[in-house]
Amino acid sequence: MYCACSNRYHPFMLSYQHSYHAGNPADLHKHLALAGLLALLTRKARGISYLETHAGRGLYDLSAPESLKTREAAEGIQALDLPDCPLKTAIEAVRRRFGSSAYPGSPLIAQTLLREQDRLHLMELHPAEYGALRKTLRRETTAVHKRDGYEGVLSLSPPKPRKGLVLVDPSYEVKTEYEQVADFTHKLMAKWPEATVMIWYPILSAGRHEDLLAGLKLKFLRHEVSFELKDGEGMTGSGLALVNAPYGSDEILKRALSLGQPILHG
Ligand SMILES: C[S@@+](CC[C@H](N)C(=O)[O-])C[C@H]1O[C@@H](n2cnc3c(N)ncnc32)[C@H](O)[C@@H]1O
């Protein structure tokens, strides 16, 4: 398999490294929506569970060679003067702790915005990414698992507390991943019917995300944005499917788009 970001052929899976893409327009879309949703779900004092199938390393350095090589963050978060919002709160907190070029991945955004009554379970299979994630995240509320994200989340479901959100954010390196996400969502709903599930997908000319969405066979909110990315490997936009969307999600998704302008277009 060829990976354009690292200019290498990889003989095995797990070649994807999010460090090349952290803070790009797709991350911006996903992270604005995620931070907004977490703020919505934590309005009441009752704790929530937050699970991720594909966590990544949790913390990125936008001045690192990987980021400078693709310049995707320069076309995303670094090109935006982000107004006050939950994502900005998380980024500022992370930069106070790790320095001005730090950018949080979804696990660190969640840990920064969640409270002591909330619980996080994060799956990451790549040994180096898993090691970095374990090192970065505080342990009090968070369990980091080195295991397959689909299997891990299903085996932990339903978690306690039962109210909660699952982020499904694979790299879609393999075509079958689109079907796998739909199949996983069905299995998850059978075990944890009240879970809110946020699925991220890339929009590419092949249009494979349509198979994923058709395969869901469930009611869900669909939110898509487009953007220009000089070398985005054919990605012209980013999509989110929200299953069991809590009341107020529509507004959160609309706000994600307006906060992300002019990088993100509706
Ligand atoms: C798109 S990145 C995650 C980015 C992260 N959610 C964020 O927004 O900051 C996908 C991650 O999934 C990991 N991964 C790939 N296959 C996996 C699997 N079957 N189970 C768990 N993690 C996996 C990769 O190593 C990579 O770190």
# chains A, B, ... in the order shown; residues from 1 in each chain; ligands from 1
$ residues_near_ligand --ligand "ligand 1" --cutoff "9 Å" --atoms "only C-alpha atoms and all ligand atoms" --output "PyMOL selection string"
chain A and resi 13-19+21-23+27+30-31+52-60+104-109+122-130+145-152+167-173+200
$ write_last_selection --atoms "N, CA and C atoms" --output "compact mmCIF listing (two decimals), in the first residue's frame"
# COMPACT_ATOMS: atom_id res chain seq x y z
N MET A 13 -0.85 -3.13 7.25
CA MET A 13 -1.81 -2.08 7.60
C MET A 13 -1.26 -1.25 8.75
N LEU A 14 -2.04 -0.31 9.23
CA LEU A 14 -1.62 0.63 10.27
C LEU A 14 -0.50 1.53 9.76
N SER A 15 -0.51 1.85 8.48
CA SER A 15 0.49 2.74 7.93
C SER A 15 0.08 4.20 8.14
N TYR A 16 -1.20 4.42 8.36
CA TYR A 16 -1.70 5.79 8.49
C TYR A 16 -1.15 6.44 9.76
N GLN A 17 -0.66 7.67 9.60
CA GLN A 17 -0.22 8.42 10.78
C GLN A 17 -0.90 9.78 10.77
N HIS A 18 -1.65 10.04 11.81
CA HIS A 18 -2.45 11.27 11.82
C HIS A 18 -1.59 12.53 11.97
N SER A 19 -0.34 12.38 12.40
CA SER A 19 0.55 13.55 12.56
C SER A 19 0.66 14.37 11.26
N HIS A 21 -1.71 14.93 9.23
CA HIS A 21 -3.01 15.54 8.88
C HIS A 21 -3.64 16.34 10.02
N ALA A 22 -3.04 16.28 11.21
CA ALA A 22 -3.65 16.93 12.39
C ALA A 22 -3.88 18.41 12.13
N GLY A 23 -5.06 18.87 12.48
CA GLY A 23 -5.39 20.29 12.34
C GLY A 23 -5.79 20.69 10.93
N ASP A 27 -10.11 17.73 10.14
CA ASP A 27 -9.98 17.67 11.61
C ASP A 27 -10.76 18.81 12.24
N LYS A 30 -14.48 17.96 12.25
CA LYS A 30 -14.77 16.90 13.23
C LYS A 30 -14.61 17.42 14.65
N HIS A 31 -13.54 18.17 14.90
CA HIS A 31 -13.24 18.60 16.27
C HIS A 31 -14.16 19.73 16.73
N GLU A 52 -13.88 5.95 22.06
CA GLU A 52 -13.37 6.15 20.70
C GLU A 52 -12.86 4.84 20.15
N THR A 53 -13.22 4.55 18.90
CA THR A 53 -12.71 3.33 18.25
C THR A 53 -11.29 3.53 17.73
N HIS A 54 -10.97 4.75 17.27
CA HIS A 54 -9.68 5.04 16.62
C HIS A 54 -9.14 6.34 17.19
N ALA A 55 -8.35 6.25 18.26
CA ALA A 55 -8.04 7.46 19.04
C ALA A 55 -6.88 8.29 18.49
N GLY A 56 -5.89 7.64 17.90
CA GLY A 56 -4.67 8.39 17.51
C GLY A 56 -3.83 8.68 18.75
N ARG A 57 -2.81 9.55 18.61
CA ARG A 57 -1.86 9.78 19.70
C ARG A 57 -2.31 10.86 20.68
N GLY A 58 -3.35 11.61 20.33
CA GLY A 58 -3.95 12.55 21.30
C GLY A 58 -3.36 13.94 21.31
N LEU A 59 -2.08 14.05 20.92
CA LEU A 59 -1.41 15.36 20.99
C LEU A 59 -0.48 15.48 19.78
N TYR A 60 -0.56 16.61 19.09
CA TYR A 60 0.24 16.81 17.88
C TYR A 60 1.03 18.11 18.02
N PRO A 104 -4.55 19.53 19.99
CA PRO A 104 -5.10 18.31 20.59
C PRO A 104 -5.83 17.44 19.58
N GLY A 105 -5.62 16.14 19.67
CA GLY A 105 -6.45 15.19 18.95
C GLY A 105 -7.75 15.01 19.72
N SER A 106 -8.65 14.21 19.14
CA SER A 106 -9.97 14.05 19.76
C SER A 106 -9.90 13.55 21.22
N PRO A 107 -9.00 12.61 21.58
CA PRO A 107 -8.98 12.15 22.98
C PRO A 107 -8.65 13.27 23.96
N LEU A 108 -7.72 14.13 23.56
CA LEU A 108 -7.31 15.20 24.47
C LEU A 108 -8.35 16.33 24.51
N ILE A 109 -9.02 16.56 23.40
CA ILE A 109 -10.14 17.52 23.40
C ILE A 109 -11.18 17.02 24.40
N LEU A 122 -10.53 4.70 25.35
CA LEU A 122 -9.95 5.05 24.07
C LEU A 122 -9.20 3.85 23.49
N MET A 123 -9.52 3.49 22.23
CA MET A 123 -8.87 2.35 21.57
C MET A 123 -7.86 2.86 20.54
N GLU A 124 -6.67 2.31 20.58
CA GLU A 124 -5.66 2.64 19.56
C GLU A 124 -4.79 1.41 19.37
N LEU A 125 -4.67 0.97 18.12
CA LEU A 125 -3.99 -0.29 17.83
C LEU A 125 -2.51 -0.11 17.51
N HIS A 126 -2.13 1.03 16.94
CA HIS A 126 -0.73 1.23 16.52
C HIS A 126 0.14 1.39 17.76
N PRO A 127 1.21 0.56 17.90
CA PRO A 127 1.99 0.58 19.15
C PRO A 127 2.54 1.96 19.51
N ALA A 128 3.09 2.69 18.53
CA ALA A 128 3.71 4.00 18.86
C ALA A 128 2.63 5.03 19.21
N GLU A 129 1.53 4.99 18.49
CA GLU A 129 0.44 5.95 18.75
C GLU A 129 -0.17 5.65 20.13
N TYR A 130 -0.33 4.36 20.40
CA TYR A 130 -0.86 3.95 21.70
C TYR A 130 0.06 4.41 22.84
N HIS A 145 -6.73 1.73 25.68
CA HIS A 145 -6.67 0.29 25.37
C HIS A 145 -5.92 0.07 24.06
N LYS A 146 -4.96 -0.85 24.08
CA LYS A 146 -4.28 -1.22 22.83
C LYS A 146 -5.02 -2.42 22.25
N ARG A 147 -6.07 -2.15 21.50
CA ARG A 147 -6.86 -3.23 20.92
C ARG A 147 -7.66 -2.70 19.73
N ASP A 148 -8.19 -3.60 18.96
CA ASP A 148 -9.00 -3.19 17.81
C ASP A 148 -10.19 -2.36 18.30
N GLY A 149 -10.40 -1.21 17.66
CA GLY A 149 -11.41 -0.27 18.13
C GLY A 149 -12.83 -0.80 18.08
N TYR A 150 -13.15 -1.56 17.03
CA TYR A 150 -14.52 -2.06 16.90
C TYR A 150 -14.78 -3.12 17.98
N GLU A 151 -13.85 -4.03 18.07
CA GLU A 151 -14.00 -5.12 19.06
C GLU A 151 -14.01 -4.53 20.48
N GLY A 152 -13.09 -3.60 20.73
CA GLY A 152 -12.96 -3.04 22.08
C GLY A 152 -14.21 -2.29 22.53
N LEU A 167 -17.13 8.06 19.33
CA LEU A 167 -16.57 8.63 18.09
C LEU A 167 -15.94 7.51 17.27
N VAL A 168 -16.35 7.41 16.01
CA VAL A 168 -15.82 6.40 15.09
C VAL A 168 -15.04 7.16 14.01
N ASP A 169 -13.72 7.02 14.04
CA ASP A 169 -12.89 7.88 13.19
C ASP A 169 -11.74 7.10 12.56
N PRO A 170 -12.08 6.10 11.70
CA PRO A 170 -11.00 5.31 11.07
C PRO A 170 -10.32 6.10 9.95
N SER A 171 -9.23 5.54 9.42
CA SER A 171 -8.51 6.25 8.35
C SER A 171 -9.04 5.87 6.96
N TYR A 172 -9.90 4.86 6.86
CA TYR A 172 -10.49 4.43 5.58
C TYR A 172 -9.42 4.11 4.54
N GLU A 173 -8.31 3.51 5.01
CA GLU A 173 -7.25 3.10 4.08
C GLU A 173 -7.71 1.92 3.23
N TRP A 200 -17.16 9.82 11.49
CA TRP A 200 -16.53 10.74 10.52
C TRP A 200 -16.22 9.98 9.25
$ select_by_dssp --residues "segment 39-222 of chain A" --states "alpha helix (DSSP H)" --output "ChimeraX atom specification"
/A:39-41,65-70,86-98,106-113,127-136,149-156,177-191,209-216
$ closest_atom_pairs --of "segment 212-245 of chain A" --to "segment 259-264 of chain A" --cutoff "8 Å" --atoms "only C-alpha atoms" --output "Markdown table"
| residue | atom | partner | partner_atom | distance |
| --- | --- | --- | --- | --- |
| A:Val225 | CA | A:Leu264 | CA | 6.0 |
| A:Ser226 | CA | A:Leu264 | CA | 5.9 |
| A:Phe227 | CA | A:Leu264 | CA | 5.3 |
| A:Glu228 | CA | A:Ile263 | CA | 7.9 |
$ write_last_selection --atoms "C-alpha atoms" --output "compact mmCIF listing (two decimals), in the first residue's frame"
# COMPACT_ATOMS: atom_id res chain seq x y z
CA VAL A 225 -18.64 20.49 4.50
CA SER A 226 -16.32 21.12 1.58
CA PHE A 227 -12.89 22.71 1.52
CA GLU A 228 -9.84 23.17 -0.64
$ residues_around --residues "Leu120 of chain A" --least-positions-apart "6" --cutoff "12 Å" --atoms "only C-alpha atoms" --output "PDB file with N, CA and C atoms, in the first residue's frame"
ATOM      1  N   GLY A  47     -22.934  12.139  34.969  1.00  0.00           N
ATOM      2  CA  GLY A  47     -21.748  11.795  34.185  1.00  0.00           C
ATOM      3  C   GLY A  47     -22.099  11.132  32.858  1.00  0.00           C
ATOM      4  N   ILE A  48     -21.153  11.170  31.930  1.00  0.00           N
ATOM      5  CA  ILE A  48     -21.333  10.488  30.639  1.00  0.00           C
ATOM      6  C   ILE A  48     -20.119   9.592  30.370  1.00  0.00           C
ATOM      7  N   SER A  49     -20.301   8.677  29.435  1.00  0.00           N
ATOM      8  CA  SER A  49     -19.171   7.870  28.937  1.00  0.00           C
ATOM      9  C   SER A  49     -18.792   8.381  27.559  1.00  0.00           C
ATOM     10  N   TYR A  50     -17.481   8.415  27.294  1.00  0.00           N
ATOM     11  CA  TYR A  50     -16.988   8.818  25.979  1.00  0.00           C
ATOM     12  C   TYR A  50     -16.050   7.726  25.486  1.00  0.00           C
ATOM     13  N   LEU A  51     -16.367   7.133  24.342  1.00  0.00           N
ATOM     14  CA  LEU A  51     -15.549   6.046  23.804  1.00  0.00           C
ATOM     15  C   LEU A  51     -15.078   6.408  22.397  1.00  0.00           C
ATOM     16  N   GLU A  52     -13.878   5.948  22.064  1.00  0.00           N
ATOM     17  CA  GLU A  52     -13.368   6.152  20.698  1.00  0.00           C
ATOM     18  C   GLU A  52     -12.861   4.839  20.150  1.00  0.00           C
ATOM     19  N   THR A  53     -13.222   4.546  18.902  1.00  0.00           N
ATOM     20  CA  THR A  53     -12.711   3.332  18.251  1.00  0.00           C
ATOM     21  C   THR A  53     -11.287   3.534  17.726  1.00  0.00           C
ATOM     22  N   ALA A  55      -8.351   6.250  18.257  1.00  0.00           N
ATOM     23  CA  ALA A  55      -8.043   7.461  19.037  1.00  0.00           C
ATOM     24  C   ALA A  55      -6.884   8.287  18.487  1.00  0.00           C
ATOM     25  N   SER A 106      -8.653  14.210  19.141  1.00  0.00           N
ATOM     26  CA  SER A 106      -9.973  14.050  19.764  1.00  0.00           C
ATOM     27  C   SER A 106      -9.899  13.546  21.221  1.00  0.00           C
ATOM     28  N   PRO A 107      -8.995  12.613  21.578  1.00  0.00           N
ATOM     29  CA  PRO A 107      -8.982  12.152  22.978  1.00  0.00           C
ATOM     30  C   PRO A 107      -8.646  13.272  23.964  1.00  0.00           C
ATOM     31  N   LEU A 108      -7.719  14.133  23.558  1.00  0.00           N
ATOM     32  CA  LEU A 108      -7.305  15.202  24.474  1.00  0.00           C
ATOM     33  C   LEU A 108      -8.349  16.333  24.506  1.00  0.00           C
ATOM     34  N   ILE A 109      -9.021  16.557  23.396  1.00  0.00           N
ATOM     35  CA  ILE A 109     -10.138  17.518  23.398  1.00  0.00           C
ATOM     36  C   ILE A 109     -11.180  17.024  24.402  1.00  0.00           C
ATOM     37  N   ALA A 110     -11.499  15.726  24.296  1.00  0.00           N
ATOM     38  CA  ALA A 110     -12.525  15.165  25.186  1.00  0.00           C
ATOM     39  C   ALA A 110     -12.068  15.226  26.638  1.00  0.00           C
ATOM     40  N   GLN A 111     -10.836  14.815  26.894  1.00  0.00           N
ATOM     41  CA  GLN A 111     -10.403  14.811  28.291  1.00  0.00           C
ATOM     42  C   GLN A 111     -10.390  16.228  28.872  1.00  0.00           C
ATOM     43  N   THR A 112     -10.043  17.197  28.049  1.00  0.00           N
ATOM     44  CA  THR A 112      -9.987  18.583  28.519  1.00  0.00           C
ATOM     45  C   THR A 112     -11.385  19.113  28.838  1.00  0.00           C
ATOM     46  N   LEU A 113     -12.387  18.682  28.063  1.00  0.00           N
ATOM     47  CA  LEU A 113     -13.732  19.247  28.257  1.00  0.00           C
ATOM     48  C   LEU A 113     -14.590  18.431  29.225  1.00  0.00           C
ATOM     49  N   LEU A 114     -14.199  17.179  29.477  1.00  0.00           N
ATOM     50  CA  LEU A 114     -15.028  16.341  30.348  1.00  0.00           C
ATOM     51  C   LEU A 114     -14.674  16.557  31.821  1.00  0.00           C
ATOM     52  N   LEU A 137      -2.281  11.296  28.270  1.00  0.00           N
ATOM     53  CA  LEU A 137      -3.563  11.454  28.955  1.00  0.00           C
ATOM     54  C   LEU A 137      -3.451  11.184  30.447  1.00  0.00           C
ATOM     55  N   ARG A 138      -4.157  11.989  31.209  1.00  0.00           N
ATOM     56  CA  ARG A 138      -4.206  11.762  32.658  1.00  0.00           C
ATOM     57  C   ARG A 138      -5.056  10.529  32.918  1.00  0.00           C
ATOM     58  N   ARG A 139      -4.709   9.798  33.959  1.00  0.00           N
ATOM     59  CA  ARG A 139      -5.325   8.479  34.169  1.00  0.00           C
ATOM     60  C   ARG A 139      -6.628   8.471  34.951  1.00  0.00           C
ATOM     61  N   GLU A 140      -6.899   9.542  35.731  1.00  0.00           N
ATOM     62  CA  GLU A 140      -7.992   9.469  36.717  1.00  0.00           C
ATOM     63  C   GLU A 140      -9.319   8.989  36.117  1.00  0.00           C
ATOM     64  N   THR A 141      -9.674   9.523  34.961  1.00  0.00           N
ATOM     65  CA  THR A 141     -10.985   9.228  34.383  1.00  0.00           C
ATOM     66  C   THR A 141     -10.885   8.398  33.111  1.00  0.00           C
ATOM     67  N   THR A 142      -9.650   8.108  32.678  1.00  0.00           N
ATOM     68  CA  THR A 142      -9.456   7.635  31.297  1.00  0.00           C
ATOM     69  C   THR A 142      -8.744   6.289  31.242  1.00  0.00           C
ATOM     70  N   ALA A 143      -9.302   5.372  30.439  1.00  0.00           N
ATOM     71  CA  ALA A 143      -8.629   4.093  30.180  1.00  0.00           C
ATOM     72  C   ALA A 143      -8.210   4.072  28.714  1.00  0.00           C
ATOM     73  N   VAL A 144      -6.930   3.755  28.484  1.00  0.00           N
ATOM     74  CA  VAL A 144      -6.409   3.677  27.113  1.00  0.00           C
ATOM     75  C   VAL A 144      -6.171   2.200  26.807  1.00  0.00           C
ATOM     76  N   HIS A 145      -6.726   1.726  25.683  1.00  0.00           N
ATOM     77  CA  HIS A 145      -6.670   0.295  25.365  1.00  0.00           C
ATOM     78  C   HIS A 145      -5.915   0.073  24.060  1.00  0.00           C
ATOM     79  N   VAL A 153     -14.720  -1.430  21.664  1.00  0.00           N
ATOM     80  CA  VAL A 153     -15.908  -0.647  22.048  1.00  0.00           C
ATOM     81  C   VAL A 153     -17.106  -1.578  22.235  1.00  0.00           C
ATOM     82  N   LEU A 156     -16.962  -3.324  25.570  1.00  0.00           N
ATOM     83  CA  LEU A 156     -17.175  -2.456  26.742  1.00  0.00           C
ATOM     84  C   LEU A 156     -18.597  -1.901  26.801  1.00  0.00           C
ATOM     85  N   PRO A 159     -21.444   0.837  28.570  1.00  0.00           N
ATOM     86  CA  PRO A 159     -20.578   1.216  29.699  1.00  0.00           C
ATOM     87  C   PRO A 159     -21.384   1.893  30.798  1.00  0.00           C
ATOM     88  N   LYS A 160     -20.709   2.190  31.891  1.00  0.00           N
ATOM     89  CA  LYS A 160     -21.312   3.005  32.941  1.00  0.00           C
ATOM     90  C   LYS A 160     -20.513   4.288  33.040  1.00  0.00           C
ATOM     91  N   PRO A 161     -21.077   5.468  33.042  1.00  0.00           N
ATOM     92  CA  PRO A 161     -22.501   5.757  32.894  1.00  0.00           C
ATOM     93  C   PRO A 161     -23.013   5.363  31.503  1.00  0.00           C
ATOM     94  N   GLY A 164     -23.973   8.519  26.764  1.00  0.00           N
ATOM     95  CA  GLY A 164     -22.628   8.774  26.249  1.00  0.00           C
ATOM     96  C   GLY A 164     -22.515   8.857  24.747  1.00  0.00           C
ATOM     97  N   LEU A 165     -21.267   9.076  24.342  1.00  0.00           N
ATOM     98  CA  LEU A 165     -20.939   9.330  22.936  1.00  0.00           C
ATOM     99  C   LEU A 165     -19.806   8.406  22.498  1.00  0.00           C
ATOM    100  N   VAL A 166     -19.954   7.856  21.291  1.00  0.00           N
ATOM    101  CA  VAL A 166     -18.881   7.054  20.673  1.00  0.00           C
ATOM    102  C   VAL A 166     -18.421   7.773  19.403  1.00  0.00           C
ATOM    103  N   LEU A 167     -17.133   8.055  19.329  1.00  0.00           N
ATOM    104  CA  LEU A 167     -16.574   8.631  18.094  1.00  0.00           C
ATOM    105  C   LEU A 167     -15.942   7.507  17.273  1.00  0.00           C
TER     106      LEU A 167
END
$ closest_residue --among "A:Arg134, A:His186, A:His209, A:Lys69" --to "Leu154 of chain A" --atoms "only C-alpha atoms"
A:His186
$ closest_atom_pairs --of "segment 45-98 of chain A" --to "segment 248-256 of chain A" --cutoff "12 Å" --atoms "only C-alpha atoms" --output "JSON lines"
{"residue": "A:Leu82", "atom": "CA", "partner": "A:Ala256", "partner_atom": "CA", "distance": 10.8}
{"residue": "A:Pro83", "atom": "CA", "partner": "A:Ala256", "partner_atom": "CA", "distance": 11.1}
{"residue": "A:Asp84", "atom": "CA", "partner": "A:Arg255", "partner_atom": "CA", "distance": 11.6}
{"residue": "A:Cys85", "atom": "CA", "partner": "A:Ala256", "partner_atom": "CA", "distance": 9.4}
{"residue": "A:Pro86", "atom": "CA", "partner": "A:Ala256", "partner_atom": "CA", "distance": 10.4}
{"residue": "A:Leu87", "atom": "CA", "partner": "A:Ala256", "partner_atom": "CA", "distance": 9.8}
{"residue": "A:Lys88", "atom": "CA", "partner": "A:Ala256", "partner_atom": "CA", "distance": 11.8}
$ closest_residue --among "A:Asp183, A:Tyr103, A:Arg95, A:Gln78" --to "Lys217 of chain A" --atoms "only C-alpha atoms"
A:Asp183
$ atom_distance --atom1 "atom CA of Glu177 of chain A" --atom2 "atom CA of Leu212 of chain A"
8.7 Å
$ atom_distance --atom1 "atom CA of Asp118 of chain A" --atom2 "atom CA of Ala245 of chain A"
18.9 Å
$ closest_residue --among "A:Gly232, A:Thr42, A:Val243, A:His223" --to "His265 of chain A" --atoms "only C-alpha atoms"
A:His223
$ select_by_dssp --residues "segment 81-228 of chain A" --states "strand (DSSP E)" --output "PyMOL selection string"
chain A and resi 102-104+119-123+142-145+164-168+196-203+220-226
$ decode --residues "segment 65-150 of chain A" --atoms "C-alpha atoms" --output "PDB file, in the first residue's frame"
ATOM      1  CA  PRO A  65       8.361  17.810  10.270  1.00  0.00           C
ATOM      2  CA  GLU A  66       5.245  15.709   9.522  1.00  0.00           C
ATOM      3  CA  SER A  67       2.989  18.720   9.815  1.00  0.00           C
ATOM      4  CA  LEU A  68       5.354  21.013   7.920  1.00  0.00           C
ATOM      5  CA  LYS A  69       5.681  18.447   5.144  1.00  0.00           C
ATOM      6  CA  THR A  70       1.995  18.354   4.182  1.00  0.00           C
ATOM      7  CA  ARG A  71       1.137  21.900   5.386  1.00  0.00           C
ATOM      8  CA  GLU A  72      -2.410  20.634   6.014  1.00  0.00           C
ATOM      9  CA  ALA A  73      -2.642  22.387   9.393  1.00  0.00           C
ATOM     10  CA  ALA A  74      -1.495  25.585   7.679  1.00  0.00           C
ATOM     11  CA  GLU A  75      -4.567  25.234   5.455  1.00  0.00           C
ATOM     12  CA  GLY A  76      -6.766  24.385   8.451  1.00  0.00           C
ATOM     13  CA  ILE A  77      -6.582  25.451  12.087  1.00  0.00           C
ATOM     14  CA  GLN A  78      -3.579  27.749  11.546  1.00  0.00           C
ATOM     15  CA  ALA A  79      -5.427  29.748   8.876  1.00  0.00           C
ATOM     16  CA  LEU A  80      -8.354  30.429  11.202  1.00  0.00           C
ATOM     17  CA  ASP A  81      -8.918  33.005  13.896  1.00  0.00           C
ATOM     18  CA  LEU A  82     -11.209  30.779  15.923  1.00  0.00           C
ATOM     19  CA  PRO A  83     -13.910  32.659  17.894  1.00  0.00           C
ATOM     20  CA  ASP A  84     -14.768  31.619  21.464  1.00  0.00           C
ATOM     21  CA  CYS A  85     -16.213  28.096  21.461  1.00  0.00           C
ATOM     22  CA  PRO A  86     -15.583  24.765  23.229  1.00  0.00           C
ATOM     23  CA  LEU A  87     -12.825  23.764  20.765  1.00  0.00           C
ATOM     24  CA  LYS A  88     -11.008  27.030  21.387  1.00  0.00           C
ATOM     25  CA  THR A  89     -11.257  26.417  25.152  1.00  0.00           C
ATOM     26  CA  ALA A  90      -9.689  22.962  24.680  1.00  0.00           C
ATOM     27  CA  ILE A  91      -6.906  24.213  22.374  1.00  0.00           C
ATOM     28  CA  GLU A  92      -5.988  27.017  24.771  1.00  0.00           C
ATOM     29  CA  ALA A  93      -5.872  24.648  27.753  1.00  0.00           C
ATOM     30  CA  VAL A  94      -3.673  22.216  25.807  1.00  0.00           C
ATOM     31  CA  ARG A  95      -1.324  25.004  24.663  1.00  0.00           C
ATOM     32  CA  ARG A  96      -0.916  26.211  28.254  1.00  0.00           C
ATOM     33  CA  ARG A  97       0.200  22.708  29.186  1.00  0.00           C
ATOM     34  CA  PHE A  98       2.204  21.666  26.104  1.00  0.00           C
ATOM     35  CA  GLY A  99       3.280  24.865  24.313  1.00  0.00           C
ATOM     36  CA  SER A 100       2.046  27.164  21.569  1.00  0.00           C
ATOM     37  CA  SER A 101       2.407  24.761  18.620  1.00  0.00           C
ATOM     38  CA  ALA A 102       0.457  21.949  20.301  1.00  0.00           C
ATOM     39  CA  TYR A 103      -2.808  20.766  18.779  1.00  0.00           C
ATOM     40  CA  PRO A 104      -5.103  18.307  20.589  1.00  0.00           C
ATOM     41  CA  GLY A 105      -6.450  15.187  18.948  1.00  0.00           C
ATOM     42  CA  SER A 106      -9.973  14.050  19.764  1.00  0.00           C
ATOM     43  CA  PRO A 107      -8.982  12.152  22.978  1.00  0.00           C
ATOM     44  CA  LEU A 108      -7.305  15.202  24.474  1.00  0.00           C
ATOM     45  CA  ILE A 109     -10.138  17.518  23.398  1.00  0.00           C
ATOM     46  CA  ALA A 110     -12.525  15.165  25.186  1.00  0.00           C
ATOM     47  CA  GLN A 111     -10.403  14.811  28.291  1.00  0.00           C
ATOM     48  CA  THR A 112      -9.987  18.583  28.519  1.00  0.00           C
ATOM     49  CA  LEU A 113     -13.732  19.247  28.257  1.00  0.00           C
ATOM     50  CA  LEU A 114     -15.028  16.341  30.348  1.00  0.00           C
ATOM     51  CA  ARG A 115     -15.424  16.287  34.150  1.00  0.00           C
ATOM     52  CA  GLU A 116     -14.476  14.020  37.029  1.00  0.00           C
ATOM     53  CA  GLN A 117     -17.875  12.249  36.890  1.00  0.00           C
ATOM     54  CA  ASP A 118     -17.304  11.320  33.207  1.00  0.00           C
ATOM     55  CA  ARG A 119     -15.407   8.249  31.913  1.00  0.00           C
ATOM     56  CA  LEU A 120     -13.283   7.850  28.782  1.00  0.00           C
ATOM     57  CA  HIS A 121     -12.319   4.607  26.983  1.00  0.00           C
ATOM     58  CA  LEU A 122      -9.946   5.049  24.066  1.00  0.00           C
ATOM     59  CA  MET A 123      -8.872   2.347  21.574  1.00  0.00           C
ATOM     60  CA  GLU A 124      -5.659   2.644  19.557  1.00  0.00           C
ATOM     61  CA  LEU A 125      -3.989  -0.294  17.835  1.00  0.00           C
ATOM     62  CA  HIS A 126      -0.731   1.228  16.520  1.00  0.00           C
ATOM     63  CA  PRO A 127       1.986   0.581  19.147  1.00  0.00           C
ATOM     64  CA  ALA A 128       3.705   3.998  18.863  1.00  0.00           C
ATOM     65  CA  GLU A 129       0.444   5.951  18.754  1.00  0.00           C
ATOM     66  CA  TYR A 130      -0.862   3.946  21.702  1.00  0.00           C
ATOM     67  CA  GLY A 131       2.332   4.607  23.694  1.00  0.00           C
ATOM     68  CA  ALA A 132       2.132   8.348  23.033  1.00  0.00           C
ATOM     69  CA  LEU A 133      -1.558   8.439  23.942  1.00  0.00           C
ATOM     70  CA  ARG A 134      -0.954   6.671  27.249  1.00  0.00           C
ATOM     71  CA  LYS A 135       1.834   9.101  28.072  1.00  0.00           C
ATOM     72  CA  THR A 136      -0.222  12.206  27.328  1.00  0.00           C
ATOM     73  CA  LEU A 137      -3.563  11.454  28.955  1.00  0.00           C
ATOM     74  CA  ARG A 138      -4.206  11.762  32.658  1.00  0.00           C
ATOM     75  CA  ARG A 139      -5.325   8.479  34.169  1.00  0.00           C
ATOM     76  CA  GLU A 140      -7.992   9.469  36.717  1.00  0.00           C
ATOM     77  CA  THR A 141     -10.985   9.228  34.383  1.00  0.00           C
ATOM     78  CA  THR A 142      -9.456   7.635  31.297  1.00  0.00           C
ATOM     79  CA  ALA A 143      -8.629   4.093  30.180  1.00  0.00           C
ATOM     80  CA  VAL A 144      -6.409   3.677  27.113  1.00  0.00           C
ATOM     81  CA  HIS A 145      -6.670   0.295  25.365  1.00  0.00           C
ATOM     82  CA  LYS A 146      -4.279  -1.218  22.828  1.00  0.00           C
ATOM     83  CA  ARG A 147      -6.861  -3.233  20.918  1.00  0.00           C
ATOM     84  CA  ASP A 148      -9.000  -3.191  17.810  1.00  0.00           C
ATOM     85  CA  GLY A 149     -11.407  -0.274  18.135  1.00  0.00           C
ATOM     86  CA  TYR A 150     -14.519  -2.058  16.900  1.00  0.00           C
TER      87      TYR A 150
END
